[in-house]
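Visitor: Below is query-v5.cif; it holds mmCIF, C-alpha atoms.
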```cif
data_start
loop_
_atom_site.label_atom_id
_atom_site.label_comp_id
_atom_site.auth_asym_id
_atom_site.auth_seq_id
_atom_site.Cartn_x
_atom_site.Cartn_y
_atom_site.Cartn_z
CA MET P 341 109.96 106.17 76.95
CA ASP P 342 107.91 103.80 79.03
CA ASN P 343 105.89 105.31 81.83
CA GLN P 344 106.17 108.82 80.42
CA ILE P 345 103.71 110.82 82.48
CA VAL P 346 101.65 113.48 80.75
CA ASP P 347 99.02 115.94 81.90
CA LEU P 348 95.48 115.14 80.80
CA TYR P 349 93.31 118.16 80.22
CA LEU P 350 89.76 117.01 80.80
CA SER P 351 88.45 120.27 79.39
CA ASN P 352 89.34 118.75 76.00
CA PRO P 353 86.31 116.60 75.06
CA LYS P 354 88.38 113.97 73.24
CA VAL P 355 90.77 113.56 76.18
CA LYS P 356 87.85 113.39 78.57
CA ARG P 357 86.13 110.71 76.48
CA ASP P 358 89.30 108.56 76.36
CA TRP P 359 89.73 109.01 80.10
CA GLU P 360 86.15 108.02 80.86
CA ASP P 361 86.32 105.02 78.50
CA PHE P 362 89.53 103.83 80.11
CA LEU P 363 88.18 104.14 83.67
CA THR P 364 84.88 102.55 82.65
CA SER P 365 86.85 99.55 81.36
CA LEU P 366 88.24 99.28 84.90
CA LYS P 367 84.73 99.54 86.37
CA ILE P 368 85.07 103.08 87.66
CA THR P 369 81.89 104.61 86.36
CA ASN P 370 80.83 107.53 88.52
CA PHE P 371 81.45 110.61 86.40
CA SER P 372 78.76 112.80 87.96
CA ALA P 373 79.55 116.49 87.79
CA ASN P 374 79.87 116.93 91.55
CA GLU P 375 82.70 114.37 91.57
CA VAL P 376 84.51 115.39 88.38
CA ASP P 377 84.25 119.14 89.02
CA GLN P 378 86.29 118.74 92.21
CA ILE P 379 89.35 117.55 90.29
CA ASP P 380 92.32 119.92 90.37
CA TYR P 381 94.34 118.07 87.74
CA THR P 382 94.70 114.72 86.03
CA ILE P 383 97.75 112.87 84.79
CA GLY P 384 98.14 109.78 82.66
CA ILE P 385 100.47 107.39 80.89
CA TYR P 386 100.02 106.47 77.22
CA SER P 387 101.26 103.38 75.47
CA GLY P 388 101.13 104.30 71.80
CA ASP P 389 97.74 105.95 71.40
CA ASP P 390 96.13 104.13 74.31
CA LEU P 391 95.73 105.52 77.77
CA VAL P 392 97.07 102.84 80.14
CA ALA P 393 97.14 104.60 83.51
CA THR P 394 95.64 107.68 85.10
CA GLY P 395 95.19 109.45 88.41
CA SER P 396 93.71 112.73 89.66
CA VAL P 397 93.82 114.98 92.67
CA ALA P 398 91.05 116.96 94.36
CA GLY P 399 92.39 119.04 97.23
CA ASN P 400 94.15 116.56 99.49
CA VAL P 401 92.39 113.50 98.09
CA LEU P 402 93.68 111.25 95.30
CA LYS P 403 90.91 110.21 92.95
CA TYR P 404 90.14 108.24 89.81
CA ILE P 405 93.28 106.14 89.92
CA GLY P 406 93.19 103.44 87.28
CA VAL P 407 95.97 101.34 85.82
CA CYS P 408 96.25 98.68 83.12
CA ASN P 409 99.11 96.24 83.78
CA LYS P 410 99.05 94.49 80.42
CA GLY P 411 102.60 93.80 79.21
CA VAL P 412 104.41 95.51 82.10
CA THR P 413 105.52 94.53 85.59
CA THR P 414 102.45 94.63 87.83
CA GLY P 415 102.52 97.73 89.95
CA SER P 416 105.11 99.72 88.02
CA ARG P 417 102.59 102.05 86.37
CA PHE P 418 100.57 102.30 89.56
CA ASN P 419 103.69 103.32 91.48
CA ALA P 420 104.65 105.80 88.78
CA ILE P 421 101.22 107.48 88.79
CA VAL P 422 100.85 107.64 92.56
CA SER P 423 104.40 108.81 93.12
CA GLU P 424 103.95 111.58 90.55
CA LEU P 425 100.69 112.70 92.20
CA VAL P 426 102.23 112.57 95.66
CA ASN P 427 105.32 114.50 94.57
CA ARG P 428 103.27 117.17 92.83
CA GLN P 429 101.13 117.61 95.93
CA PHE P 430 104.24 117.84 98.10
CA ALA P 431 105.66 120.44 95.71
CA ASN P 432 102.45 122.41 96.33
CA HIS P 433 103.10 122.09 100.08
CA ILE P 434 100.25 119.63 100.60
CA TYR P 435 102.01 117.01 102.70
CA HIS P 436 99.01 115.12 103.94
CA LEU P 437 97.03 113.06 101.45
CA PHE P 438 94.08 110.72 101.50
CA VAL P 439 92.73 108.08 99.23
CA PHE P 440 89.33 106.49 99.28
CA THR P 441 89.44 103.24 97.35
CA LYS P 442 87.96 99.80 96.87
CA LEU P 443 89.01 97.41 99.61
CA LYS P 444 90.96 95.21 97.20
CA TYR P 445 93.34 98.09 96.35
CA SER P 446 94.08 98.93 99.98
CA ASP P 447 97.16 96.67 99.98
CA SER P 448 98.58 98.34 96.87
CA PHE P 449 98.43 101.72 98.58
CA GLN P 450 99.83 100.39 101.84
CA HIS P 451 102.69 99.00 99.81
CA ILE P 452 103.73 102.53 98.86
CA GLY P 453 103.56 104.08 102.27
CA PHE P 454 99.87 104.76 102.85
CA SER P 455 98.36 103.61 106.12
CA GLU P 456 94.80 102.45 106.43
CA LEU P 457 92.52 104.38 108.76
CA ALA P 458 89.46 102.22 108.30
CA HIS P 459 87.85 99.82 105.90
CA SER P 460 84.41 98.38 105.30
CA ASP P 461 83.43 95.40 103.16
CA GLU P 462 83.55 97.54 100.03
CA ALA P 463 85.89 100.42 100.62
CA ALA P 464 89.01 101.54 102.40
CA PHE P 465 90.24 104.93 103.50
CA LEU P 466 93.97 105.58 103.74
CA GLU P 467 96.31 108.46 104.43
CA THR P 468 99.95 109.26 103.84
CA GLY P 469 102.34 112.02 104.75
CA SER P 470 102.45 114.31 107.69
CA PRO P 471 100.85 115.36 110.01
CA ASP P 472 99.04 112.04 110.29
CA VAL P 473 96.29 110.85 112.59
CA ASN P 474 98.74 110.20 115.44
CA ASP P 475 99.95 113.80 115.29
CA PHE P 476 96.32 114.94 115.26
CA LEU P 477 95.51 112.88 118.35
CA THR P 478 98.67 113.94 120.19
CA ASP P 479 97.71 117.59 119.78
CA ILE P 480 94.26 117.20 121.37
CA PRO P 481 94.19 118.57 124.94
CA ARG P 482 93.70 116.04 127.70
CA VAL P 483 92.86 116.10 131.39
CA ASP P 484 94.62 114.36 134.29
CA ASP P 485 93.76 110.70 134.76
CA GLN P 486 91.71 110.71 131.60
CA SER P 487 91.81 106.91 131.40
CA ASP P 488 89.76 106.71 134.61
CA LYS P 489 87.22 109.28 133.50
CA GLN P 490 83.86 108.91 131.81
CA VAL P 491 84.47 110.64 128.46
CA ALA P 492 81.97 111.45 125.70
CA GLY P 493 82.28 112.86 122.20
CA ILE P 494 80.02 114.93 119.96
CA VAL P 495 80.69 115.85 116.34
CA MET P 496 78.92 118.90 114.97
CA ASN P 497 79.10 121.25 112.04
CA ALA P 498 77.24 123.92 114.01
CA ASN P 499 76.38 126.13 111.06
CA PRO P 500 75.69 128.06 113.26
CA PHE P 501 75.63 126.92 116.91
CA THR P 502 71.96 126.79 118.05
CA ARG P 503 70.07 126.17 121.27
CA GLY P 504 69.62 122.62 119.99
CA HIS P 505 73.40 122.10 119.88
CA ARG P 506 73.68 123.69 123.27
CA TYR P 507 71.05 121.32 124.69
CA LEU P 508 72.93 118.32 123.32
CA VAL P 509 76.23 119.48 124.83
CA GLU P 510 74.53 120.22 128.17
CA GLN P 511 73.04 116.74 128.31
CA ALA P 512 76.43 115.15 127.62
CA ALA P 513 78.22 117.44 130.07
CA SER P 514 75.81 116.57 132.87
CA GLU P 515 76.24 112.84 132.35
CA ASN P 516 80.04 112.67 131.88
CA ASP P 517 83.31 113.80 133.44
CA LEU P 518 84.57 115.18 130.15
CA VAL P 519 82.99 115.99 126.78
CA TYR P 520 84.87 116.57 123.54
CA VAL P 521 82.99 118.64 121.00
CA PHE P 522 84.57 118.12 117.58
CA VAL P 523 83.71 120.88 115.15
CA VAL P 524 83.71 119.88 111.48
CA ASN P 525 86.82 121.28 109.84
CA THR P 526 85.75 121.40 106.19
CA ASP P 527 85.08 124.95 105.14
CA ALA P 528 82.03 124.47 102.93
CA SER P 529 79.29 126.07 105.00
CA LEU P 530 77.69 129.51 105.33
CA PHE P 531 79.64 130.13 108.51
CA THR P 532 83.39 129.64 108.07
CA THR P 533 85.23 127.00 110.08
CA GLU P 534 86.77 129.68 112.26
CA GLU P 535 83.37 131.30 112.93
CA ARG P 536 81.66 127.99 113.70
CA PHE P 537 84.47 126.94 116.02
CA GLN P 538 84.39 130.25 117.88
CA LEU P 539 80.59 130.19 118.23
CA VAL P 540 80.73 126.70 119.74
CA LYS P 541 83.46 127.83 122.13
CA ASP P 542 81.58 130.99 123.11
CA GLY P 543 78.33 129.08 123.49
CA THR P 544 79.82 126.47 125.84
CA VAL P 545 82.27 128.62 127.78
CA ASP P 546 80.36 128.16 131.06
CA LEU P 547 80.57 124.34 130.88
CA ASP P 548 83.87 123.47 132.59
CA ASN P 549 84.09 119.89 131.45
CA VAL P 550 83.69 120.61 127.73
CA ILE P 551 86.68 120.79 125.40
CA VAL P 552 86.04 122.14 121.91
CA VAL P 553 88.38 120.70 119.27
CA ASN P 554 88.64 121.02 115.53
CA GLY P 555 87.60 117.66 114.02
CA GLY P 556 90.44 117.81 111.50
CA ASP P 557 90.29 115.54 108.48
CA TYR P 558 88.96 112.62 110.45
CA MET P 559 85.41 113.51 111.43
CA VAL P 560 82.80 114.37 108.81
CA SER P 561 85.38 115.98 106.58
CA TYR P 562 85.34 116.46 102.85
CA ALA P 563 87.74 113.52 102.71
CA THR P 564 85.75 111.06 104.82
CA PHE P 565 82.21 112.09 104.13
CA PRO P 566 81.82 114.18 100.94
CA ALA P 567 78.10 113.38 100.81
CA TYR P 568 77.58 115.59 103.84
CA PHE P 569 78.48 118.54 101.64
CA LEU P 570 77.22 117.35 98.24
CA ALA P 571 73.82 115.90 97.46
CA SER P 572 74.46 112.17 97.01
CA PRO P 573 72.55 108.91 96.69
CA ASP P 574 71.71 107.05 99.92
CA GLN P 575 74.10 104.24 99.08
CA ALA P 576 77.07 106.62 98.87
CA VAL P 577 76.05 108.14 102.20
CA THR P 578 75.99 104.70 103.81
CA TYR P 579 79.43 103.76 102.42
CA GLN P 580 81.03 106.96 103.56
CA THR P 581 79.43 107.12 106.98
CA THR P 582 80.43 103.52 107.66
CA LEU P 583 84.07 104.48 107.18
CA ASP P 584 83.64 107.69 109.14
CA ALA P 585 82.07 105.74 112.03
CA ARG P 586 84.82 103.13 111.99
CA ILE P 587 87.58 105.73 112.14
CA PHE P 588 85.86 107.17 115.20
CA ARG P 589 85.44 103.74 116.77
CA ASN P 590 88.90 102.32 115.96
CA VAL P 591 91.19 105.33 116.06
CA ILE P 592 89.72 108.43 117.72
CA ALA P 593 87.69 106.98 120.60
CA PRO P 594 90.35 104.62 122.04
CA ALA P 595 93.04 107.32 121.99
CA LEU P 596 90.89 109.70 124.04
CA ASN P 597 89.07 107.08 126.12
CA ILE P 598 85.72 108.14 124.63
CA THR P 599 83.06 105.60 125.51
CA THR P 600 79.89 107.45 124.54
CA ARG P 601 78.98 109.45 121.46
CA TYR P 602 76.03 111.81 121.65
CA VAL P 603 73.97 112.66 118.60
CA GLY P 604 70.80 114.69 118.18
CA SER P 605 67.75 112.89 116.82
CA GLU P 606 67.25 113.86 113.21
CA PRO P 607 63.69 114.33 112.00
CA LEU P 608 64.52 116.61 109.07
CA SER P 609 67.81 115.90 107.26
CA ARG P 610 67.94 112.63 105.37
CA THR P 611 71.75 112.48 105.19
CA THR P 612 72.20 113.10 108.90
CA SER P 613 69.50 110.59 109.71
CA ILE P 614 71.33 107.87 107.72
CA TYR P 615 74.52 108.91 109.51
CA ASN P 616 72.84 108.44 112.89
CA ASP P 617 71.59 104.98 111.88
CA VAL P 618 75.06 103.96 110.75
CA LEU P 619 76.65 105.26 113.96
CA THR P 620 74.14 103.26 115.99
CA ARG P 621 75.02 100.18 113.98
CA GLU P 622 78.81 100.61 113.89
CA LEU P 623 79.97 102.14 117.18
CA PRO P 624 78.73 99.68 119.85
CA SER P 625 79.96 97.94 121.84
CA ALA P 626 83.23 99.92 121.89
CA VAL P 627 81.37 103.23 121.97
CA GLU P 628 77.81 103.65 123.15
CA VAL P 629 75.57 105.89 121.04
CA LYS P 630 73.10 108.13 122.83
CA VAL P 631 70.49 109.70 120.62
CA ILE P 632 69.12 112.77 122.37
CA ASP P 633 65.66 113.84 121.28
CA ARG P 634 65.34 117.42 120.24
CA ASP P 635 63.81 119.29 123.12
CA GLN P 636 60.85 121.13 121.59
CA THR P 637 60.14 122.98 124.82
CA LEU P 638 63.18 125.17 124.12
CA THR P 639 61.05 127.40 121.92
CA SER P 640 57.76 128.82 123.13
CA ASP P 641 55.77 127.47 120.18
CA HIS P 642 57.39 124.00 120.21
CA GLN P 643 59.24 124.25 116.91
CA VAL P 644 62.07 121.90 116.01
CA ILE P 645 65.28 123.90 116.25
CA THR P 646 67.47 123.50 113.20
CA ALA P 647 70.44 125.44 111.91
CA THR P 648 68.82 125.19 108.46
CA GLN P 649 65.92 127.32 109.72
CA VAL P 650 68.35 129.77 111.31
CA ARG P 651 70.04 130.22 107.94
CA GLN P 652 66.66 130.94 106.35
CA PHE P 653 66.05 133.65 108.94
CA ILE P 654 69.45 135.14 108.11
CA LYS P 655 68.61 135.14 104.42
CA LYS P 656 65.34 136.95 105.09
CA GLY P 657 66.92 139.19 107.70
CA GLU P 658 64.43 138.12 110.39
CA ILE P 659 66.68 138.77 113.33
CA SER P 660 63.84 138.78 115.85
CA SER P 661 62.78 135.22 114.92
CA LEU P 662 66.36 134.06 115.39
CA THR P 663 66.65 134.66 119.09
CA ALA P 664 64.37 131.77 120.01
CA PHE P 665 66.66 129.41 118.10
CA VAL P 666 70.19 130.43 119.00
CA PRO P 667 72.04 131.33 122.20
CA GLU P 668 72.85 134.95 122.94
CA THR P 669 76.45 134.57 121.71
CA THR P 670 75.40 133.31 118.28
CA ALA P 671 72.60 135.88 117.97
CA GLN P 672 75.07 138.67 118.72
CA PHE P 673 77.48 137.39 116.10
CA ILE P 674 74.76 137.16 113.46
CA GLN P 675 73.53 140.64 114.26
CA ASN P 676 77.05 142.06 113.92
CA HIS P 677 77.77 140.23 110.67
CA LEU P 678 74.35 140.11 109.03
CA THR P 679 75.36 141.87 105.83
CA THR P 680 78.46 139.69 105.36
CA LEU P 681 76.39 136.53 105.85
CA GLN P 682 73.64 137.71 103.52
CA LYS P 683 76.26 138.62 100.93
CA ARG P 684 77.65 135.06 101.08
CA ILE P 685 74.15 133.71 100.46
CA GLN P 686 73.64 136.08 97.54
CA GLU P 687 76.97 134.98 96.09
CA GLY P 688 75.63 131.46 95.85
CA MET P 689 76.45 129.76 99.17
CA ASN P 690 74.01 126.88 99.49
CA ILE P 691 72.10 127.13 102.75
CA ASP P 692 69.60 124.31 102.30
CA GLY P 693 72.06 121.48 102.89
CA ASN P 694 73.86 120.76 106.10
CA MET C 445 121.09 122.03 110.47
CA GLU C 446 117.53 122.54 111.64
CA ILE C 447 114.36 121.14 110.08
CA LYS C 448 112.11 124.08 109.26
CA GLU C 449 109.36 122.54 107.14
CA THR C 450 108.21 119.23 105.77
CA ALA C 451 110.02 118.20 102.62
CA VAL C 452 110.34 115.16 100.46
CA ALA C 453 112.77 113.62 97.96
CA GLY C 454 112.70 110.50 95.83
CA THR C 455 109.97 108.52 94.14
CA LEU C 456 108.06 105.30 94.70
CA GLU C 457 109.52 103.59 91.67
CA SER C 458 111.65 100.49 91.69
CA SER C 459 115.22 100.92 93.07
CA ASP C 460 114.34 104.28 94.61
CA ILE C 461 113.32 105.44 98.07
CA GLN C 462 110.98 108.25 99.01
CA ILE C 463 112.06 110.15 102.07
CA MET C 464 109.86 112.64 103.87
CA ILE C 465 111.36 114.69 106.67
CA SER C 466 109.35 116.79 109.09
CA LYS C 467 109.94 118.62 112.34
CA ALA C 468 110.29 116.75 115.61
CA THR C 469 111.06 117.89 119.12
CA ASP C 470 113.81 115.45 119.93
CA GLY C 471 115.58 112.47 118.43
CA ILE C 472 115.37 110.96 114.99
CA GLN C 473 112.30 108.80 114.51
CA ILE C 474 112.18 106.69 111.37
CA ASP C 475 109.03 105.12 110.05
CA LEU C 476 110.23 102.72 107.35
CA GLN C 477 108.15 100.80 104.89
CA SER C 478 110.13 98.33 102.77
CA ASP C 479 109.70 94.96 101.11
CA VAL C 480 113.19 94.04 102.28
CA GLU C 481 112.63 95.35 105.79
CA LYS C 482 113.48 91.94 107.24
CA GLN C 483 116.81 91.70 105.43
CA PHE C 484 117.91 95.34 105.21
CA GLY C 485 115.65 97.35 107.53
CA ASP C 486 118.36 98.01 110.11
CA GLN C 487 120.87 98.86 107.42
CA ILE C 488 118.48 101.37 105.77
CA ARG C 489 117.70 103.03 109.09
CA GLN C 490 121.37 103.23 109.89
CA VAL C 491 122.20 104.92 106.57
CA ILE C 492 119.42 107.48 107.10
CA THR C 493 120.44 108.17 110.71
CA LYS C 494 124.12 108.48 109.87
CA THR C 495 123.43 110.81 106.95
CA LEU C 496 121.27 113.04 109.14
CA ASN C 497 123.88 113.03 111.89
CA ASP C 498 126.54 114.03 109.37
CA LEU C 499 124.31 116.99 108.52
CA ASP C 500 124.08 117.86 112.24
CA ILE C 501 120.39 117.06 112.37
CA THR C 502 119.48 115.65 115.76
CA ALA C 503 115.70 115.97 115.72
CA ALA C 504 113.56 114.87 112.79
CA LYS C 505 110.62 112.73 111.90
CA VAL C 506 111.42 110.63 108.87
CA LYS C 507 108.97 108.63 106.81
CA ALA C 508 110.71 106.39 104.29
CA VAL C 509 109.08 104.25 101.62
CA ASP C 510 111.76 102.01 100.16
CA LYS C 511 111.52 100.26 96.81
CA GLY C 512 114.86 98.47 97.00
CA ALA C 513 117.21 101.45 96.93
CA LEU C 514 120.99 101.00 97.24
CA ASP C 515 122.79 102.77 100.08
CA CYS C 516 124.11 105.52 97.82
CA VAL C 517 120.54 106.28 96.68
CA ILE C 518 119.24 106.29 100.26
CA LYS C 519 121.99 108.69 101.22
CA ALA C 520 121.39 111.00 98.25
CA ARG C 521 117.63 111.12 98.83
CA THR C 522 118.10 111.74 102.55
CA ILE C 523 120.47 114.65 101.90
CA ALA C 524 118.11 116.13 99.30
CA ALA C 525 115.09 115.88 101.61
CA ALA C 526 117.04 117.25 104.58
CA GLN C 527 118.37 120.22 102.63
CA ARG C 528 114.91 121.02 101.34
CA ALA C 529 113.44 120.66 104.83
CA SER C 530 116.05 122.97 106.29
CA GLN C 531 115.81 125.42 103.36
CA THR C 532 119.49 125.13 102.57
CA THR C 533 119.33 123.86 98.99
CA ASP C 534 121.40 126.86 97.90
CA GLN C 535 124.35 125.58 99.95
CA PRO C 536 124.81 121.93 98.93
CA ALA C 537 126.50 119.87 101.66
CA TRP C 538 129.04 118.22 99.37
CA GLU C 539 131.28 116.97 102.16
CA VAL C 540 128.49 114.72 103.44
CA LEU C 541 128.42 112.71 100.21
#
```
Would you mind giving the structure from this file in C-alpha cells?
Guide:
Amino acid sequence: MDNQIVDLYLSNPKVKRDWEDFLTSLKITNFSANEVDQIDYTIGIYSGDDLVATGSVAGNVLKYIGVCNKGVTTGSRFNAIVSELVNRQFANHIYHLFVFTKLKYSDSFQHIGFSELAHSDEAAFLETGSPDVNDFLTDIPRVDDQSDKQVAGIVMNANPFTRGHRYLVEQAASENDLVYVFVVNTDASLFTTEERFQLVKDGTVDLDNVIVVNGGDYMVSYATFPAYFLASPDQAVTYQTTLDARIFRNVIAPALNITTRYVGSEPLSRTTSIYNDVLTRELPSAVEVKVIDRDQTLTSDHQVITATQVRQFIKKGEISSLTAFVPETTAQFIQNHLTTLQKRIQEGMNIDGN
Amino acid sequence: MEIKETAVAGTLESSDIQIMISKATDGIQIDLQSDVEKQFGDQIRQVITKTLNDLDITAAKVKAVDKGALDCVIKARTIAAAQRASQTTDQPAWEVL
C-alpha cells in the first residue's frame, strides 16, 4: 500500500545509513550525537526499497522531517508522516507539540494546524495542540490596571538563585511597578525546576511587586533554545536565540504589557553573552533591554557572582564559601540537601554549563 | 457528558478531519483550519456544534484541522474525540449517529 508507515530503528546501522542519506539528499545534514541521541522514535515511508519520507520525535518536539514528493500528490506523504507523529504523541498523552523548521516549510505546517510563534530569516518555530501559548498567557497572574503600569520581565534559570540574581531583581523592582520573573521550565539542571522555582520565590518574597512565574515552553526552553542546555556552535545559538527573543517580543511582552527586559551582564558564559547581544538587537523598540552590570561589591573580595561557581562549591562541599554568593534562603536549602545535590553531580549531572 | 481530558480523533490526510477536544469553562469554542473554510466553514462548525450538543456537551475547546471531510466523517470524528475526552468509549453513543 502507498504511504504505509513503518518504524525505523536507528540502532540498526543499515537503517540509520539509509535515513541519513535520505535526509542529506534533502539538505538536512546535522547528525551530531547531541541532536540524534534526543530522538525518542523515528518513522518512515518506503516506496519499494527506497525511503521516501521520514519524521522523528524528541520529547514534545518534531524533528528530522523529510519528504520526497516524486510521483505522488505534493503534501500527501508529508501529511501522512506528521499526522502519524502527532497521533502517536497524543496517544502518549503529549498534546502540545512544537516544530522548529526552515522558514520555507512554515506554511506546510500551518496548513495542517500548526500556528507560528515566531520566525527569523532562516527558521520558524511553530506549535500545535493544547494548551497553547494563549492558554499559557491567560494563566499568568495579573494586577489591576496592568495596562497603565510600568512592567518589566526577567528570564532566569537560577541554578541556583544567587545574590547576583537577587541584585538584578531588586534593580528591576525599584524601577518598575511590576516585575515578572520567568523561571526556565526545562528540567536539565543540577537543581530541579521545582527547586529553582521555589528558591526564586523564597529569595524574592519580600519584594511586593515581583511575580515569579514558570517560563513554560516559551522562554529559554529545550524547545526554543536547546543550545542553552547542549554545547553548540555559535551560529546555532544565534538562530535559536533570535527566535526566542522574537517570541518574547511578539507574543509574551504585549500580552503582559512588558516594556523592559532586564538581563545581567555576562562576562563568563559565551552562550549567555550571545543571547544578551541578540536580545539587545531584537527586542527594541517594542521592549527596552537593560543590561545590569554585575555588582562586584556584593562579595567582600569583589568576585563575580555566578551560579556556576556556586555549583563548584557544592561539588567540593565548601559550604562556608557559598554564603557570600547566595542569599540565606538558598544557602539553607543547599545545606539541607547537600548530599542529594552532590549525589546528582556524582551521577553525571553536568555542572559546568548553564 | 463532561470533558475530562484532552483527546483527539482523525488524521491530517485528504478527506479526513482531525478533531482535538479539551476542557473549557463555558461554551463551545471552535478553532477551525480548513482549505474550504470560505465555502464550508460555517457548515463544518455547525456539524461539530450540533454533534457535541447531541452528546450533551456544553463546554469544550475544539481544534479542528479539516482536509475536506464530508459531514458524516466530521460527525464520526467529533463523536470519537468527545467520547475519548469524556472517558466514555466503553459506552458508545449510537443514538447520536
Visitor: Taking into account all atoms listed in the file, which residue in the set P:Thr581, P:Ile587, P:Ala593, P:Pro481 is nearest to Ser613 in chain P?
Guide: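 For Ser613 in chain P, the nearest of the candidates is P:Thr581.
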Visitor: Please identify all residues of chain P having at least one atom at most 8 Å from any atom of chain C, considering all atoms listed in the file, and return them as a list in words.
Guide: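 Residues of chain P within 8 Å of chain C, counting all atoms listed in the file: Ser416, Asn419, Ala420, Val422, Ser423, Glu424, Asn427, Phe430, Tyr435, His451, Ile452, Gly453, Gly469 and Ser470 of chain P.
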Visitor: Which residues fall under the PyMOL selection byres ((chain C and resi 518) around 10) in this file, as a short mmCIF file (atom, residue, chain, number, x, y, z; two decimals) with C-alpha atoms, keeping the file's coordinate frame?
Guide:
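Result file follows (out-v1.cif):
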```
data_model
loop_
_atom_site.label_atom_id
_atom_site.label_comp_id
_atom_site.auth_asym_id
_atom_site.auth_seq_id
_atom_site.Cartn_x
_atom_site.Cartn_y
_atom_site.Cartn_z
CA GLY C 454 112.70 110.50 95.83
CA SER C 459 115.22 100.92 93.07
CA ASP C 460 114.34 104.28 94.61
CA ILE C 461 113.32 105.44 98.07
CA GLN C 462 110.98 108.25 99.01
CA ILE C 463 112.06 110.15 102.07
CA ILE C 488 118.48 101.37 105.77
CA ARG C 489 117.70 103.03 109.09
CA VAL C 491 122.20 104.92 106.57
CA ILE C 492 119.42 107.48 107.10
CA THR C 495 123.43 110.81 106.95
CA ALA C 508 110.71 106.39 104.29
CA ASP C 510 111.76 102.01 100.16
CA GLY C 512 114.86 98.47 97.00
CA ALA C 513 117.21 101.45 96.93
CA LEU C 514 120.99 101.00 97.24
CA ASP C 515 122.79 102.77 100.08
CA CYS C 516 124.11 105.52 97.82
CA VAL C 517 120.54 106.28 96.68
CA LYS C 519 121.99 108.69 101.22
CA ALA C 520 121.39 111.00 98.25
CA ARG C 521 117.63 111.12 98.83
CA THR C 522 118.10 111.74 102.55
CA ILE C 523 120.47 114.65 101.90
CA ALA C 524 118.11 116.13 99.30
#
```
Visitor: Which one of P:Ile645, P:Thr578, P:Ala464, P:Val591 sits closest to Thr612 in chain P if you count only C-alpha atoms?
Guide: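 The answer is P:Thr578, which sits nearest to Thr612 in chain P.
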Visitor: Report as a list in words all protein, DNA and RNA residues lying within 9 Å of Val550 in chain P, evaluated on all atoms listed in the file, omitting residues in the same chain fewer than 4 positions from it.
Guide: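 Residues meeting the cut-off are Val509, Ala513, Asp517, Leu518, Val519, Tyr520, Val521, Thr544, Val545 and Asp546 of chain P.
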Visitor: Excluding Ala537 in chain C and residues on its chain fewer than 4 positions from it, collect all residues at most 9 Å away from it, counting all atoms listed in the file, and give them as a list in words.
Guide: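 Everything that qualifies: Leu499, Ile523, Gln527, Thr532, Thr533 and Leu541 of chain C.
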Visitor: So the first atom is CA of Thr532 in chain P and the second is CA of Thr663 in chain P; what is the distance between them in Å, to one decimal place?
Guide: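 For CA of Thr532 in chain P relative to CA of Thr663 in chain P, the distance reads 20.7 Å.
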Visitor: Please measure the separation of CA of Phe588 in chain P and CA of His459 in chain P, giving the value in Å to one decimal.
Guide: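 Between these atoms lies a distance of 12.0 Å.
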